[in-house]
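start-v5.cif follows (mmCIF, C-alpha atoms):
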data_structure
#
loop_
_atom_site.label_atom_id
_atom_site.label_comp_id
_atom_site.auth_asym_id
_atom_site.auth_seq_id
_atom_site.Cartn_x
_atom_site.Cartn_y
_atom_site.Cartn_z
CA MET A 14 107.27 100.04 94.54
CA LYS A 15 105.39 97.80 96.96
CA ILE A 16 103.97 94.53 95.65
CA ILE A 17 100.46 94.07 97.00
CA TYR A 18 99.45 90.92 95.12
CA THR A 19 101.29 87.75 94.20
CA THR A 20 100.21 84.51 92.57
CA LEU A 21 101.44 80.96 92.93
CA ASN A 22 101.39 80.49 89.17
CA SER A 23 103.48 82.45 86.74
CA GLU A 24 101.65 84.57 84.20
CA VAL A 25 102.38 85.87 80.74
CA VAL A 26 101.06 89.18 79.44
CA LEU A 27 100.13 89.19 75.76
CA ILE A 28 99.72 92.50 73.96
CA ILE A 29 98.12 92.35 70.53
CA LYS A 30 98.22 95.39 68.27
CA THR A 31 95.47 95.42 65.65
CA ILE A 32 92.90 97.63 63.98
CA GLU A 33 89.54 98.72 65.30
CA GLY A 34 86.81 96.12 65.04
CA LYS A 35 88.96 93.00 65.62
CA TYR A 36 88.26 92.55 69.36
CA LYS A 37 85.63 89.79 69.11
CA GLU A 38 87.70 87.80 66.62
CA ILE A 39 90.78 87.98 68.85
CA GLU A 40 88.77 87.14 71.97
CA THR A 41 87.37 84.04 70.26
CA VAL A 42 90.82 82.80 69.24
CA ILE A 43 92.25 83.36 72.73
CA LYS A 44 89.37 81.47 74.36
CA GLN A 45 89.93 78.54 71.97
CA HIS A 46 93.49 78.16 73.25
CA ILE A 47 93.27 79.14 76.93
CA ASN A 48 90.98 77.12 79.18
CA PHE A 49 90.84 79.35 82.26
CA ASP A 50 89.27 82.69 83.10
CA ASN A 51 91.60 85.48 82.12
CA PHE A 52 91.57 89.18 81.42
CA ILE A 53 90.94 90.10 77.81
CA GLY A 54 90.56 93.83 77.34
CA GLU A 55 90.68 96.56 74.75
CA LEU A 56 92.56 99.82 75.17
CA ASN A 57 91.40 102.81 73.17
CA VAL A 58 94.46 104.62 71.84
CA LYS A 59 93.97 108.25 70.83
CA GLN A 60 97.01 108.60 68.60
CA ILE A 61 99.71 106.49 66.96
CA ASN A 62 102.54 107.48 64.69
CA SER A 63 101.63 107.51 61.00
CA ASN A 64 104.35 105.07 59.88
CA PHE A 65 103.14 102.42 62.30
CA LYS A 66 99.51 103.01 61.36
CA SER A 67 100.30 102.59 57.65
CA TRP A 68 102.24 99.41 58.34
CA LEU A 69 99.45 97.98 60.55
CA LEU A 70 96.72 98.76 58.03
CA GLY A 71 98.81 97.06 55.37
CA ILE A 72 99.19 93.75 57.21
CA VAL A 73 95.90 93.25 59.10
CA LYS A 74 93.23 91.52 57.07
#

Structure encoded using structure tokens:
Amino acid sequence: MKIIYTTLNSEVVLIIKTIEGKYKEIETVIKQHINFDNFIGELNVKQINSNFKSWLLGIVK
């Protein structure tokens, strides 16, 4: 693999797993704690395993 882009600052990637409809709430919280322009995106997932989905629906309010 060839690296085509590097930065002088280290970065951290944060992946948040949640239910549909929580994007704006999460975006607001992230912007309250991070004071620079960053990528905040939403990935549409077609399928997840049923055990994980049940667990997620049980803990997300």

Skip A:Ser67 itself and residues of its chain fewer than 5 positions away, then list as a PyMOL selection string all residues within 12 Å of it, counting all atoms listed in the file.
-> chain A and resi 31-32+61-62+72-73

Can you tell me how far atom CA of A:Asn22 sits from atom CA of A:Lys35, in Å to one decimal?
->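 We find that atom CA of A:Asn22 and atom CA of A:Lys35 lie 29.4 Å from each other.
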
Write out as JSON an axis-aligned box for stretch 44-61 of chain A: all of its atoms listed in the file, 5 Å added on each side, centre and edge lengths in Å with one decimal.
{"center_x": 94.5, "center_y": 92.9, "center_z": 75.0, "size_x": 20.4, "size_y": 41.5, "size_z": 26.1}

Where atoms are absent from stretch 45-58 of chain A, fill them in so it carries N, CA and C atoms, then output it as a CSV table (one decimal), keeping the file's coordinate frame.
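So the final result, stored in out_14.csv, reads:
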chain,number,residue,atom,x,y,z
A,45,GLN,N,89.7,79.9,72.5
A,45,GLN,CA,89.9,78.5,72.0
A,45,GLN,C,91.2,77.9,72.5
A,46,HIS,N,92.2,78.7,72.9
A,46,HIS,CA,93.5,78.2,73.2
A,46,HIS,C,93.8,78.2,74.7
A,47,ILE,N,93.0,79.0,75.5
A,47,ILE,CA,93.3,79.1,76.9
A,47,ILE,C,92.0,78.7,77.7
A,48,ASN,N,92.2,77.7,78.5
A,48,ASN,CA,91.0,77.1,79.2
A,48,ASN,C,90.7,77.6,80.6
A,49,PHE,N,91.1,78.8,80.9
A,49,PHE,CA,90.8,79.4,82.3
A,49,PHE,C,90.4,80.8,82.1
A,50,ASP,N,89.7,81.3,83.2
A,50,ASP,CA,89.3,82.7,83.1
A,50,ASP,C,90.5,83.6,83.1
A,51,ASN,N,90.5,84.5,82.2
A,51,ASN,CA,91.6,85.5,82.1
A,51,ASN,C,91.1,86.8,81.7
A,52,PHE,N,91.9,87.8,81.8
A,52,PHE,CA,91.6,89.2,81.4
A,52,PHE,C,91.8,89.3,79.9
A,53,ILE,N,90.8,89.7,79.2
A,53,ILE,CA,90.9,90.1,77.8
A,53,ILE,C,90.3,91.5,77.7
A,54,GLY,N,91.1,92.5,77.4
A,54,GLY,CA,90.6,93.8,77.3
A,54,GLY,C,91.0,94.6,76.1
A,55,GLU,N,90.4,95.7,75.9
A,55,GLU,CA,90.7,96.6,74.8
A,55,GLU,C,91.0,97.9,75.3
A,56,LEU,N,92.2,98.5,74.8
A,56,LEU,CA,92.6,99.8,75.2
A,56,LEU,C,92.3,100.7,74.0
A,57,ASN,N,91.6,101.8,74.2
A,57,ASN,CA,91.4,102.8,73.2
A,57,ASN,C,92.6,103.8,73.1
A,58,VAL,N,93.3,103.8,72.0
A,58,VAL,CA,94.5,104.6,71.8
A,58,VAL,C,94.1,105.8,71.0
